[in-house]
$ cat coords_26.pdb   # PDB, C-alpha atoms and all ligand atoms
ATOM      1  CA  MET A 108    -170.178 160.943 103.658
ATOM      2  CA  GLY A 109    -167.217 163.209 104.268
ATOM      3  CA  VAL A 110    -165.072 161.650 101.529
ATOM      4  CA  PRO A 111    -163.673 164.280  99.131
ATOM      5  CA  SER A 112    -165.603 163.522  95.977
ATOM      6  CA  ILE A 113    -166.100 164.800  92.472
ATOM      7  CA  PHE A 114    -169.705 164.349  91.335
ATOM      8  CA  LEU A 115    -170.319 163.738  87.651
ATOM      9  CA  ARG A 116    -174.031 164.080  86.969
ATOM     10  CA  THR A 117    -175.405 162.493  83.796
ATOM     11  CA  PHE A 118    -178.698 163.512  82.202
ATOM     12  CA  GLY A 119    -181.792 161.293  82.030
ATOM     13  CA  CYS A 120    -183.690 158.884  84.263
ATOM     14  CA  ASN A 121    -186.110 156.002  83.716
ATOM     15  CA  PHE A 122    -188.218 157.218  86.682
ATOM     16  CA  THR A 123    -189.845 160.475  87.816
ATOM     17  CA  CYS A 124    -190.366 159.740  91.561
ATOM     18  CA  ASP A 125    -193.175 162.283  91.872
ATOM     19  CA  GLY A 126    -194.439 160.599  95.049
ATOM     20  CA  PHE A 127    -191.653 161.707  97.428
ATOM     21  CA  GLY A 128    -192.987 163.835 100.272
ATOM     22  CA  MET A 129    -196.602 163.357  99.150
ATOM     23  CA  PRO A 130    -199.437 161.494 100.876
ATOM     24  CA  ARG A 131    -199.403 157.895  99.609
ATOM     25  CA  GLY A 132    -200.638 157.749  96.017
ATOM     26  CA  GLY A 133    -200.250 161.528  95.524
ATOM     27  CA  LYS A 134    -198.045 163.072  92.858
ATOM     28  CA  SER A 135    -196.030 166.245  93.289
ATOM     29  CA  VAL A 136    -196.897 169.087  90.919
ATOM     30  CA  GLU A 137    -193.913 171.279  91.856
ATOM     31  CA  ARG A 138    -191.715 170.150  88.955
ATOM     32  CA  GLY A 139    -194.545 170.868  86.485
ATOM     33  CA  GLN A 140    -194.941 174.336  87.949
ATOM     34  CA  VAL A 141    -191.226 175.030  87.514
ATOM     35  CA  ALA A 142    -191.391 173.749  83.923
ATOM     36  CA  PHE A 143    -194.362 176.054  83.266
ATOM     37  CA  ALA A 144    -192.479 179.045  84.667
ATOM     38  CA  HIS A 145    -189.405 178.050  82.596
ATOM     39  CA  ARG A 146    -191.458 178.038  79.391
ATOM     40  CA  ASN A 147    -192.682 181.570  80.083
ATOM     41  CA  THR A 148    -189.477 183.094  81.433
ATOM     42  CA  PRO A 149    -186.589 180.710  80.755
ATOM     43  CA  TYR A 150    -184.045 180.130  83.479
ATOM     44  CA  LYS A 151    -180.516 180.724  82.162
ATOM     45  CA  ASP A 152    -178.717 178.211  84.363
ATOM     46  CA  TYR A 153    -179.803 175.064  86.229
ATOM     47  CA  LYS A 154    -178.458 176.676  89.405
ATOM     48  CA  GLU A 155    -181.295 179.235  89.187
ATOM     49  CA  LEU A 156    -183.981 176.526  89.323
ATOM     50  CA  PRO A 157    -185.945 176.406  92.595
ATOM     51  CA  LEU A 158    -185.419 173.547  95.024
ATOM     52  CA  VAL A 159    -188.543 171.458  95.473
ATOM     53  CA  SER A 160    -189.921 170.077  98.730
ATOM     54  CA  THR A 161    -191.819 167.203  97.065
ATOM     55  CA  GLY A 162    -190.916 164.834  94.218
ATOM     56  CA  CYS A 163    -187.380 164.177  92.938
ATOM     57  CA  ASP A 164    -184.934 166.825  94.145
ATOM     58  CA  SER A 165    -182.673 166.151  91.114
ATOM     59  CA  TYR A 166    -185.348 166.901  88.519
ATOM     60  CA  ALA A 167    -183.063 169.250  86.564
ATOM     61  CA  SER A 168    -180.885 166.261  85.682
ATOM     62  CA  TRP A 169    -183.567 164.267  83.866
ATOM     63  CA  ASP A 170    -186.693 166.268  83.024
ATOM     64  CA  PRO A 171    -186.560 167.087  79.270
ATOM     65  CA  ALA A 172    -188.077 170.503  80.095
ATOM     66  CA  PHE A 173    -184.680 171.519  81.495
ATOM     67  CA  LYS A 174    -182.399 169.614  79.157
ATOM     68  CA  GLU A 175    -180.953 172.669  77.461
ATOM     69  CA  LEU A 176    -179.569 173.786  80.842
ATOM     70  CA  SER A 177    -177.246 170.755  80.903
ATOM     71  CA  PRO A 178    -174.132 171.067  78.757
ATOM     72  CA  VAL A 179    -173.217 168.376  76.209
ATOM     73  CA  LEU A 180    -169.519 167.698  76.801
ATOM     74  CA  SER A 181    -166.862 165.575  75.138
ATOM     75  CA  THR A 182    -164.839 163.157  77.289
ATOM     76  CA  ASN A 183    -161.866 165.547  77.064
ATOM     77  CA  ALA A 184    -163.976 168.457  78.256
ATOM     78  CA  ILE A 185    -165.334 166.415  81.193
ATOM     79  CA  VAL A 186    -161.836 165.349  82.209
ATOM     80  CA  ASP A 187    -160.528 168.929  81.941
ATOM     81  CA  GLY A 188    -163.468 170.102  84.071
ATOM     82  CA  ILE A 189    -162.639 167.476  86.694
ATOM     83  CA  MET A 190    -158.964 168.475  86.737
ATOM     84  CA  GLU A 191    -159.982 172.095  87.363
ATOM     85  CA  ILE A 192    -162.008 171.089  90.411
ATOM     86  CA  LEU A 193    -159.466 168.693  91.926
ATOM     87  CA  PRO A 194    -157.505 170.575  94.627
ATOM     88  CA  TYR A 195    -154.105 169.586  93.182
ATOM     89  CA  GLY A 196    -155.134 169.320  89.527
ATOM     90  CA  GLN A 197    -154.763 165.549  89.618
ATOM     91  CA  TRP A 198    -156.343 162.590  91.399
ATOM     92  CA  ARG A 199    -155.012 161.913  94.902
ATOM     93  CA  ASP A 200    -157.438 160.630  97.513
ATOM     94  CA  GLU A 201    -160.614 161.888  95.848
ATOM     95  CA  HIS A 202    -163.479 159.684  94.887
ATOM     96  CA  LEU A 203    -165.426 159.922  91.599
ATOM     97  CA  VAL A 204    -169.194 159.656  92.116
ATOM     98  CA  ILE A 205    -171.148 159.148  88.903
ATOM     99  CA  THR A 206    -174.747 160.073  89.519
ATOM    100  CA  GLY A 207    -177.831 161.347  87.721
ATOM    101  CA  GLY A 208    -180.654 161.013  86.917
ATOM    102  CA  GLU A 209    -179.861 157.373  86.385
ATOM    103  CA  PRO A 210    -176.186 157.018  85.424
ATOM    104  CA  LEU A 211    -176.468 153.407  84.209
ATOM    105  CA  LEU A 212    -178.723 154.180  81.253
ATOM    106  CA  GLY A 213    -177.038 154.464  77.832
ATOM    107  CA  TRP A 214    -174.131 156.314  79.475
ATOM    108  CA  GLN A 215    -172.542 152.919  80.149
ATOM    109  CA  ARG A 216    -171.207 153.152  76.588
ATOM    110  CA  GLN A 217    -169.325 156.329  77.454
ATOM    111  CA  TYR A 218    -167.607 155.390  80.736
ATOM    112  CA  PRO A 219    -164.787 153.193  79.355
ATOM    113  CA  ASP A 220    -163.522 156.214  77.402
ATOM    114  CA  LEU A 221    -163.665 158.364  80.486
ATOM    115  CA  LEU A 222    -162.058 155.873  82.860
ATOM    116  CA  ASN A 223    -159.252 155.029  80.448
ATOM    117  CA  HIS A 224    -158.410 158.658  79.735
ATOM    118  CA  LEU A 225    -154.741 159.375  80.466
ATOM    119  CA  LYS A 226    -155.520 162.016  83.097
ATOM    120  CA  MET A 227    -157.834 159.602  84.942
ATOM    121  CA  HIS A 228    -155.077 157.081  85.536
ATOM    122  CA  ASP A 229    -154.644 157.858  89.249
ATOM    123  CA  LEU A 230    -158.325 157.606  90.091
ATOM    124  CA  LYS A 231    -158.772 154.711  92.536
ATOM    125  CA  GLU A 232    -162.413 154.772  93.621
ATOM    126  CA  ILE A 233    -165.655 155.197  91.703
ATOM    127  CA  THR A 234    -169.208 155.054  92.974
ATOM    128  CA  PHE A 235    -172.236 154.729  90.721
ATOM    129  CA  GLU A 236    -175.305 156.204  92.388
ATOM    130  CA  THR A 237    -178.047 154.191  90.736
ATOM    131  CA  ASN A 238    -181.685 153.272  91.265
ATOM    132  CA  GLY A 239    -180.718 149.627  90.736
ATOM    133  CA  THR A 240    -182.890 148.856  87.725
ATOM    134  CA  GLN A 241    -180.354 148.917  84.906
ATOM    135  CA  LYS A 242    -178.476 145.788  83.858
ATOM    136  CA  LEU A 243    -174.808 146.225  83.083
ATOM    137  CA  THR A 244    -173.970 145.723  79.422
ATOM    138  CA  THR A 245    -171.471 143.048  78.421
ATOM    139  CA  GLU A 246    -169.027 145.688  77.173
ATOM    140  CA  PHE A 247    -169.283 147.725  80.352
ATOM    141  CA  LYS A 248    -168.820 144.658  82.552
ATOM    142  CA  LEU A 249    -165.606 143.850  80.703
ATOM    143  CA  ALA A 250    -164.434 147.447  81.057
ATOM    144  CA  LEU A 251    -165.134 147.443  84.812
ATOM    145  CA  LYS A 252    -163.239 144.179  85.302
ATOM    146  CA  GLU A 253    -160.286 145.531  83.378
ATOM    147  CA  TRP A 254    -160.294 148.874  85.223
ATOM    148  CA  SER A 255    -160.508 147.381  88.719
ATOM    149  CA  LYS A 256    -157.704 144.903  88.055
ATOM    150  CA  TRP A 257    -154.999 147.514  88.685
ATOM    151  CA  TYR A 258    -153.733 149.386  91.772
ATOM    152  CA  ASN A 259    -156.430 148.210  94.242
ATOM    153  CA  ARG A 260    -159.045 150.239  92.440
ATOM    154  CA  GLU A 261    -162.498 150.038  93.978
ATOM    155  CA  ILE A 262    -165.960 150.179  92.437
ATOM    156  CA  THR A 263    -169.079 150.794  94.515
ATOM    157  CA  PHE A 264    -172.727 150.687  93.495
ATOM    158  CA  SER A 265    -174.771 152.884  95.810
ATOM    159  CA  VAL A 266    -178.237 151.535  95.067
ATOM    160  CA  SER A 267    -181.133 153.778  96.031
ATOM    161  CA  ALA A 268    -183.930 151.335  95.250
ATOM    162  CA  LYS A 269    -187.266 153.093  94.979
ATOM    163  CA  LEU A 270    -190.059 152.095  97.366
ATOM    164  CA  PRO A 271    -193.757 152.875  96.726
ATOM    165  CA  CYS A 272    -193.374 156.245  98.567
ATOM    166  CA  SER A 273    -191.405 157.397  95.491
ATOM    167  CA  GLY A 274    -194.508 156.900  93.360
ATOM    168  CA  GLU A 275    -192.813 154.199  91.243
ATOM    169  CA  ALA A 276    -194.351 150.725  90.837
ATOM    170  CA  TRP A 277    -192.779 147.889  92.852
ATOM    171  CA  GLU A 278    -192.254 145.622  89.850
ATOM    172  CA  ASP A 279    -190.419 148.392  87.961
ATOM    173  CA  ALA A 280    -188.276 149.495  90.880
ATOM    174  CA  ILE A 281    -187.284 146.418  92.899
ATOM    175  CA  LYS A 282    -184.948 144.329  90.751
ATOM    176  CA  PRO A 283    -182.962 142.006  93.031
ATOM    177  CA  GLU A 284    -181.331 140.073  90.183
ATOM    178  CA  VAL A 285    -179.972 143.305  88.679
ATOM    179  CA  VAL A 286    -178.484 144.486  91.968
ATOM    180  CA  CYS A 287    -177.030 141.068  92.811
ATOM    181  CA  GLU A 288    -175.091 141.188  89.560
ATOM    182  CA  TYR A 289    -173.531 144.523  90.566
ATOM    183  CA  GLU A 290    -171.888 142.673  93.457
ATOM    184  CA  THR A 291    -169.867 140.657  90.925
ATOM    185  CA  TYR A 292    -168.202 143.857  89.721
ATOM    186  CA  GLY A 293    -167.760 145.788  92.957
ATOM    187  CA  THR A 294    -169.248 146.473  96.353
ATOM    188  CA  ALA A 295    -172.952 147.265  96.443
ATOM    189  CA  TYR A 296    -175.146 148.634  99.196
ATOM    190  CA  LEU A 297    -178.836 149.438  99.337
ATOM    191  CA  LYS A 298    -180.222 152.763 100.502
ATOM    192  CA  PHE A 299    -183.935 153.206 101.136
ATOM    193  CA  VAL A 300    -185.430 156.695 101.415
ATOM    194  CA  ILE A 301    -188.225 156.576 103.968
ATOM    195  CA  ALA A 302    -190.468 158.769 106.115
ATOM    196  CA  THR A 303    -193.147 156.598 107.724
ATOM    197  CA  GLU A 304    -193.579 153.182 109.378
ATOM    198  CA  GLN A 305    -195.386 152.098 106.202
ATOM    199  CA  ASP A 306    -192.294 153.036 104.148
ATOM    200  CA  PHE A 307    -190.191 151.022 106.568
ATOM    201  CA  ALA A 308    -192.484 148.005 106.172
ATOM    202  CA  ASP A 309    -191.975 148.333 102.397
ATOM    203  CA  ALA A 310    -188.206 148.535 102.941
ATOM    204  CA  GLN A 311    -188.304 145.322 104.988
ATOM    205  CA  ARG A 312    -190.250 143.553 102.242
ATOM    206  CA  ALA A 313    -187.720 144.756  99.665
ATOM    207  CA  ILE A 314    -184.747 143.749 101.827
ATOM    208  CA  ALA A 315    -186.217 140.245 102.130
ATOM    209  CA  GLU A 316    -186.494 140.020  98.328
ATOM    210  CA  TYR A 317    -182.897 141.219  97.789
ATOM    211  CA  ARG A 318    -181.554 138.828 100.432
ATOM    212  CA  ALA A 319    -183.536 135.918  98.970
ATOM    213  CA  ALA A 320    -181.863 136.621  95.623
ATOM    214  CA  GLY A 321    -178.430 136.471  97.284
ATOM    215  CA  PHE A 322    -177.673 140.143  97.957
ATOM    216  CA  GLU A 323    -174.902 140.381 100.576
ATOM    217  CA  GLY A 324    -174.259 144.111 100.959
ATOM    218  CA  HIS A 325    -175.129 146.569 103.714
ATOM    219  CA  VAL A 326    -178.513 148.289 103.968
ATOM    220  CA  TYR A 327    -178.991 151.967 104.828
ATOM    221  CA  LEU A 328    -182.080 153.960 105.730
ATOM    222  CA  MET A 329    -182.137 157.604 104.675
ATOM    223  CA  PRO A 330    -184.723 160.230 105.661
ATOM    224  CA  VAL A 331    -186.868 161.662 102.895
ATOM    225  CA  GLY A 332    -186.412 165.414 102.393
ATOM    226  CA  GLY A 333    -184.717 167.464  99.697
ATOM    227  CA  VAL A 334    -185.214 170.604 101.795
ATOM    228  CA  GLU A 335    -184.386 171.141 105.448
ATOM    229  CA  SER A 336    -188.000 171.595 106.661
ATOM    230  CA  VAL A 337    -188.973 168.111 105.401
ATOM    231  CA  TYR A 338    -185.681 166.417 106.288
ATOM    232  CA  SER A 339    -185.674 167.694 109.869
ATOM    233  CA  MET A 340    -189.143 166.206 110.447
ATOM    234  CA  ASN A 341    -187.861 162.756 109.499
ATOM    235  CA  ASN A 342    -184.171 162.363 110.240
ATOM    236  CA  LYS A 343    -184.345 161.444 113.924
ATOM    237  CA  ASN A 344    -187.216 158.984 113.481
ATOM    238  CA  VAL A 345    -185.414 157.275 110.630
ATOM    239  CA  ALA A 346    -182.192 157.091 112.655
ATOM    240  CA  MET A 347    -184.153 155.502 115.526
ATOM    241  CA  LEU A 348    -185.731 152.969 113.160
ATOM    242  CA  ALA A 349    -182.317 152.079 111.769
ATOM    243  CA  MET A 350    -180.912 151.549 115.268
ATOM    244  CA  LYS A 351    -183.922 149.514 116.342
ATOM    245  CA  HIS A 352    -183.563 147.129 113.408
ATOM    246  CA  GLY A 353    -179.774 146.906 113.209
ATOM    247  CA  LEU A 354    -179.578 148.744 109.888
ATOM    248  CA  ARG A 355    -177.273 151.572 108.868
ATOM    249  CA  TYR A 356    -178.375 155.195 108.809
ATOM    250  CA  SER A 357    -177.404 157.535 106.016
ATOM    251  CA  ASP A 358    -177.758 161.228 106.651
ATOM    252  CA  ARG A 359    -178.117 163.943 103.989
ATOM    253  CA  LEU A 360    -174.974 165.914 104.716
ATOM    254  CA  GLN A 361    -175.666 168.311 101.830
ATOM    255  CA  LEU A 362    -178.665 169.682 103.742
ATOM    256  CA  PRO A 363    -177.131 170.903 107.020
ATOM    257  CA  LEU A 364    -173.950 171.983 105.187
ATOM    258  CA  PHE A 365    -175.291 173.526 101.984
ATOM    259  CA  SER A 366    -179.133 173.486 102.189
ATOM    260  CA  ASN A 367    -179.070 171.090  99.225
ATOM    261  CA  ALA A 368    -178.062 173.896  96.831
ATOM    262  CA  TRP A 369    -177.487 172.791  93.229
ATOM    263  CA  GLY A 370    -174.041 171.331  92.837
ATOM    264  CA  THR A 371    -173.925 169.927  96.384
TER     265      THR A 371
HETATM  266  S1  LIG B   1    -184.529 157.507  90.369
HETATM  267 FE1  LIG B   1    -183.439 159.167  91.430
HETATM  268  S2  LIG B   1    -182.949 160.695  89.841
HETATM  269 FE2  LIG B   1    -184.506 159.295  88.990
HETATM  270  S3  LIG B   1    -186.417 160.355  89.375
HETATM  271 FE3  LIG B   1    -186.074 158.943  91.091
HETATM  272  S4  LIG B   1    -185.016 160.137  92.676
HETATM  273 FE4  LIG B   1    -184.898 161.282  90.749
END
$ encode --input "coords_26.pdb" --output "structure tokens"
Amino acid sequence: MGVPSIFLRTFGCNFTCDGFGMPRGGKSVERGQVAFAHRNTPYKDYKELPLVSTGCDSYASWDPAFKELSPVLSTNAIVDGIMEILPYGQWRDEHLVITGGEPLLGWQRQYPDLLNHLKMHDLKEITFETNGTQKLTTEFKLALKEWSKWYNREITFSVSAKLPCSGEAWEDAIKPEVVCEYETYGTAYLKFVIATEQDFADAQRAIAEYRAAGFEGHVYLMPVGGVESVYSMNNKNVAMLAMKHGLRYSDRLQLPLFSNAWGT
């Protein structure tokens, strides 16, 4: 948090996470309602889509119902877009965060091109915000090794592993061997989104599985809540739980600063 960052958001996810903010076992219908409204009166831009208080707050970046609102860009166009956003038109101290959806799906094929682009030469730090279920391909592993070999470049895997409160099944979401391999190619940390004591018990079970597999990174707890009303019910309790158990707390800075508006 607080690091000047460019966010590159890729389209597509292997999950839907319709359980966030719902009673256990419940599925959010908000995304379906937005899709229904979009079919009748199409939104022109993803920034017009309503924020949701339940389910995945990044639904516009993976639900096929909204795919046409995401541009298809060449590597050159992405790099030019990044250069326009960078305060000095070139990389200095900024961080590149590649997020989604799930950015380690087939997009792995595309990143070597992006990272080796001439105008990306001065980039020193990348974070992949992943759900921790996707193995790295052999080609991508080689590309990451090569990229990080120069100029103290750093790679981080910010792994938001999905607990049952997301609505995803444990065996699909908790993949310790996948996440442990990320640690060979950079720094990895785990981040669990939670609201209740039951969620925390699930997080503890997951942490035990990751540690048993050899995971060495830090562990963060983050309050559930894509909108302020939900977040503010949870944030203090989650911070207290983190302190009580010697874990790290991750806030959602985009909420107090920007109300989680699209693009933040
Ligand atoms: S893994 Fe992340 S992006 Fe994918 S559906 Fe779940 S919360 Fe949304």
$ residues_around --input "coords_26.pdb" --residues "range 149-159 of chain A" --least-positions-apart "6" --cutoff "7 Å" --atoms "all atoms listed in the file" --output "MDAnalysis selection string"
chainID A and resid 137 167 176 333 369
$ closest_atom_pairs --input "coords_26.pdb" --of "chain A" --to "ligand LIG 1 (chain B)" --cutoff "6 Å" --atoms "only C-alpha atoms and all ligand atoms" --output "Markdown table"
| residue | atom | partner | partner_atom | distance |
| --- | --- | --- | --- | --- |
| A:Cys120 | CA | B:LIG1 | FE2 | 4.8 |
| A:Phe122 | CA | B:LIG1 | S3 | 4.5 |
| A:Thr123 | CA | B:LIG1 | S3 | 3.8 |
| A:Cys124 | CA | B:LIG1 | FE3 | 4.4 |
| A:Cys163 | CA | B:LIG1 | FE4 | 4.4 |
| A:Ser165 | CA | B:LIG1 | FE4 | 5.4 |
| A:Gly207 | CA | B:LIG1 | S2 | 5.6 |
| A:Gly208 | CA | B:LIG1 | S2 | 3.7 |
| A:Glu209 | CA | B:LIG1 | FE2 | 5.7 |
| A:Asn238 | CA | B:LIG1 | S1 | 5.2 |
$ residues_around --input "coords_26.pdb" --residues "range 316-327 of chain A" --least-positions-apart "3" --cutoff "6 Å" --atoms "only C-alpha atoms" --output "number ranges by chain"
A: 283, 287, 295-298, 313, 355-357
$ resolve_selection --input "coords_26.pdb" --expression "the PyMOL selection byres (((chain A and resi 264) around 6) and not hetatm)" --output "NGL selection string"
:A and (234-235 or 263 or 265-266 or 295)
$ atom_distance --input "coords_26.pdb" --atom1 "CA of Gln217 in chain A" --atom2 "CA of Tyr195 in chain A"
25.6 Å
$ residues_around --input "coords_26.pdb" --residues "Val345 in chain A" --least-positions-apart "4" --cutoff "12 Å" --atoms "only C-alpha atoms" --output "list in words"
Phe299, Val300, Ile301, Ala302, Thr303, Glu304, Asp306, Phe307, Ala310, Tyr327, Leu328, Met329, Pro330, Val331, Gly332, Tyr338, Ser339, Met340, Asn341, Ala349, Met350, Lys351, His352, Leu354, Arg355, Tyr356, Ser357, Asp358 and Arg359 of chain A
$ residues_near_point --input "coords_26.pdb" --point "(-165.4, 153.5, 90.3)" --cutoff "6 Å" --atoms "all atoms listed in the file" --output "list of chain:residue names"
A:Glu232, A:Ile233, A:Thr234, A:Glu261, A:Ile262
$ write_last_selection --input "coords_26.pdb" --atoms "C-alpha atoms" --output "compact mmCIF listing (two decimals), keeping the file's coordinate frame"
# COMPACT_ATOMS: atom_id res chain seq x y z
CA GLU A 232 -162.41 154.77 93.62
CA ILE A 233 -165.66 155.20 91.70
CA THR A 234 -169.21 155.05 92.97
CA GLU A 261 -162.50 150.04 93.98
CA ILE A 262 -165.96 150.18 92.44
$ build_atoms --input "coords_26.pdb" --residues "range 121-138 of chain A" --atoms "N, CA, C and O atoms" --output "PDB file, keeping the file's coordinate frame"
ATOM      1  N   ASN A 121    -184.971 156.836  84.123  1.00  0.00           N
ATOM      2  CA  ASN A 121    -186.110 156.002  83.716  1.00  0.00           C
ATOM      3  C   ASN A 121    -187.302 156.186  84.657  1.00  0.00           C
ATOM      4  O   ASN A 121    -188.353 155.609  84.438  1.00  0.00           O
ATOM      5  N   PHE A 122    -187.126 156.965  85.746  1.00  0.00           N
ATOM      6  CA  PHE A 122    -188.218 157.218  86.682  1.00  0.00           C
ATOM      7  C   PHE A 122    -188.501 158.726  86.779  1.00  0.00           C
ATOM      8  O   PHE A 122    -187.725 159.536  86.261  1.00  0.00           O
ATOM      9  N   THR A 123    -189.584 159.060  87.514  1.00  0.00           N
ATOM     10  CA  THR A 123    -189.845 160.475  87.816  1.00  0.00           C
ATOM     11  C   THR A 123    -189.952 160.712  89.337  1.00  0.00           C
ATOM     12  O   THR A 123    -189.749 161.822  89.803  1.00  0.00           O
ATOM     13  N   CYS A 124    -190.291 159.661  90.092  1.00  0.00           N
ATOM     14  CA  CYS A 124    -190.366 159.740  91.561  1.00  0.00           C
ATOM     15  C   CYS A 124    -191.160 160.946  92.059  1.00  0.00           C
ATOM     16  O   CYS A 124    -190.726 161.657  92.969  1.00  0.00           O
ATOM     17  N   ASP A 125    -192.330 161.149  91.482  1.00  0.00           N
ATOM     18  CA  ASP A 125    -193.175 162.283  91.872  1.00  0.00           C
ATOM     19  C   ASP A 125    -193.881 162.061  93.212  1.00  0.00           C
ATOM     20  O   ASP A 125    -194.587 162.957  93.691  1.00  0.00           O
ATOM     21  N   GLY A 126    -193.720 160.884  93.797  1.00  0.00           N
ATOM     22  CA  GLY A 126    -194.439 160.599  95.049  1.00  0.00           C
ATOM     23  C   GLY A 126    -193.704 161.039  96.307  1.00  0.00           C
ATOM     24  O   GLY A 126    -194.307 161.091  97.386  1.00  0.00           O
ATOM     25  N   PHE A 127    -192.407 161.366  96.209  1.00  0.00           N
ATOM     26  CA  PHE A 127    -191.653 161.707  97.428  1.00  0.00           C
ATOM     27  C   PHE A 127    -192.259 162.910  98.146  1.00  0.00           C
ATOM     28  O   PHE A 127    -192.540 163.942  97.541  1.00  0.00           O
ATOM     29  N   GLY A 128    -192.474 162.738  99.449  1.00  0.00           N
ATOM     30  CA  GLY A 128    -192.987 163.835 100.272  1.00  0.00           C
ATOM     31  C   GLY A 128    -194.487 164.043 100.153  1.00  0.00           C
ATOM     32  O   GLY A 128    -195.036 164.964 100.760  1.00  0.00           O
ATOM     33  N   MET A 129    -195.157 163.202  99.357  1.00  0.00           N
ATOM     34  CA  MET A 129    -196.602 163.357  99.150  1.00  0.00           C
ATOM     35  C   MET A 129    -197.355 162.308  99.974  1.00  0.00           C
ATOM     36  O   MET A 129    -196.792 161.266 100.312  1.00  0.00           O
ATOM     37  N   PRO A 130    -198.629 162.567 100.274  1.00  0.00           N
ATOM     38  CA  PRO A 130    -199.437 161.494 100.876  1.00  0.00           C
ATOM     39  C   PRO A 130    -199.432 160.307  99.912  1.00  0.00           C
ATOM     40  O   PRO A 130    -199.340 160.506  98.688  1.00  0.00           O
ATOM     41  N   ARG A 131    -199.515 159.093 100.457  1.00  0.00           N
ATOM     42  CA  ARG A 131    -199.403 157.895  99.609  1.00  0.00           C
ATOM     43  C   ARG A 131    -200.362 157.956  98.417  1.00  0.00           C
ATOM     44  O   ARG A 131    -201.536 158.258  98.564  1.00  0.00           O
ATOM     45  N   GLY A 132    -199.814 157.715  97.228  1.00  0.00           N
ATOM     46  CA  GLY A 132    -200.638 157.749  96.017  1.00  0.00           C
ATOM     47  C   GLY A 132    -200.673 159.132  95.370  1.00  0.00           C
ATOM     48  O   GLY A 132    -201.069 159.271  94.213  1.00  0.00           O
ATOM     49  N   GLY A 133    -200.242 160.168  96.082  1.00  0.00           N
ATOM     50  CA  GLY A 133    -200.250 161.528  95.524  1.00  0.00           C
ATOM     51  C   GLY A 133    -199.034 161.781  94.650  1.00  0.00           C
ATOM     52  O   GLY A 133    -198.017 161.110  94.779  1.00  0.00           O
ATOM     53  N   LYS A 134    -199.151 162.719  93.759  1.00  0.00           N
ATOM     54  CA  LYS A 134    -198.045 163.072  92.858  1.00  0.00           C
ATOM     55  C   LYS A 134    -197.714 164.555  93.024  1.00  0.00           C
ATOM     56  O   LYS A 134    -198.627 165.398  92.984  1.00  0.00           O
ATOM     57  N   SER A 135    -196.461 164.855  93.162  1.00  0.00           N
ATOM     58  CA  SER A 135    -196.030 166.245  93.289  1.00  0.00           C
ATOM     59  C   SER A 135    -196.288 167.013  91.987  1.00  0.00           C
ATOM     60  O   SER A 135    -196.070 166.480  90.902  1.00  0.00           O
ATOM     61  N   VAL A 136    -196.718 168.259  92.123  1.00  0.00           N
ATOM     62  CA  VAL A 136    -196.897 169.087  90.919  1.00  0.00           C
ATOM     63  C   VAL A 136    -195.820 170.173  90.839  1.00  0.00           C
ATOM     64  O   VAL A 136    -195.812 170.979  89.903  1.00  0.00           O
ATOM     65  N   GLU A 137    -194.907 170.187  91.805  1.00  0.00           N
ATOM     66  CA  GLU A 137    -193.913 171.279  91.856  1.00  0.00           C
ATOM     67  C   GLU A 137    -193.056 171.347  90.593  1.00  0.00           C
ATOM     68  O   GLU A 137    -192.819 172.418  90.043  1.00  0.00           O
ATOM     69  N   ARG A 138    -192.593 170.186  90.144  1.00  0.00           N
ATOM     70  CA  ARG A 138    -191.715 170.150  88.955  1.00  0.00           C
ATOM     71  C   ARG A 138    -192.447 170.717  87.742  1.00  0.00           C
ATOM     72  O   ARG A 138    -191.886 171.484  86.959  1.00  0.00           O
TER      73      ARG A 138
END
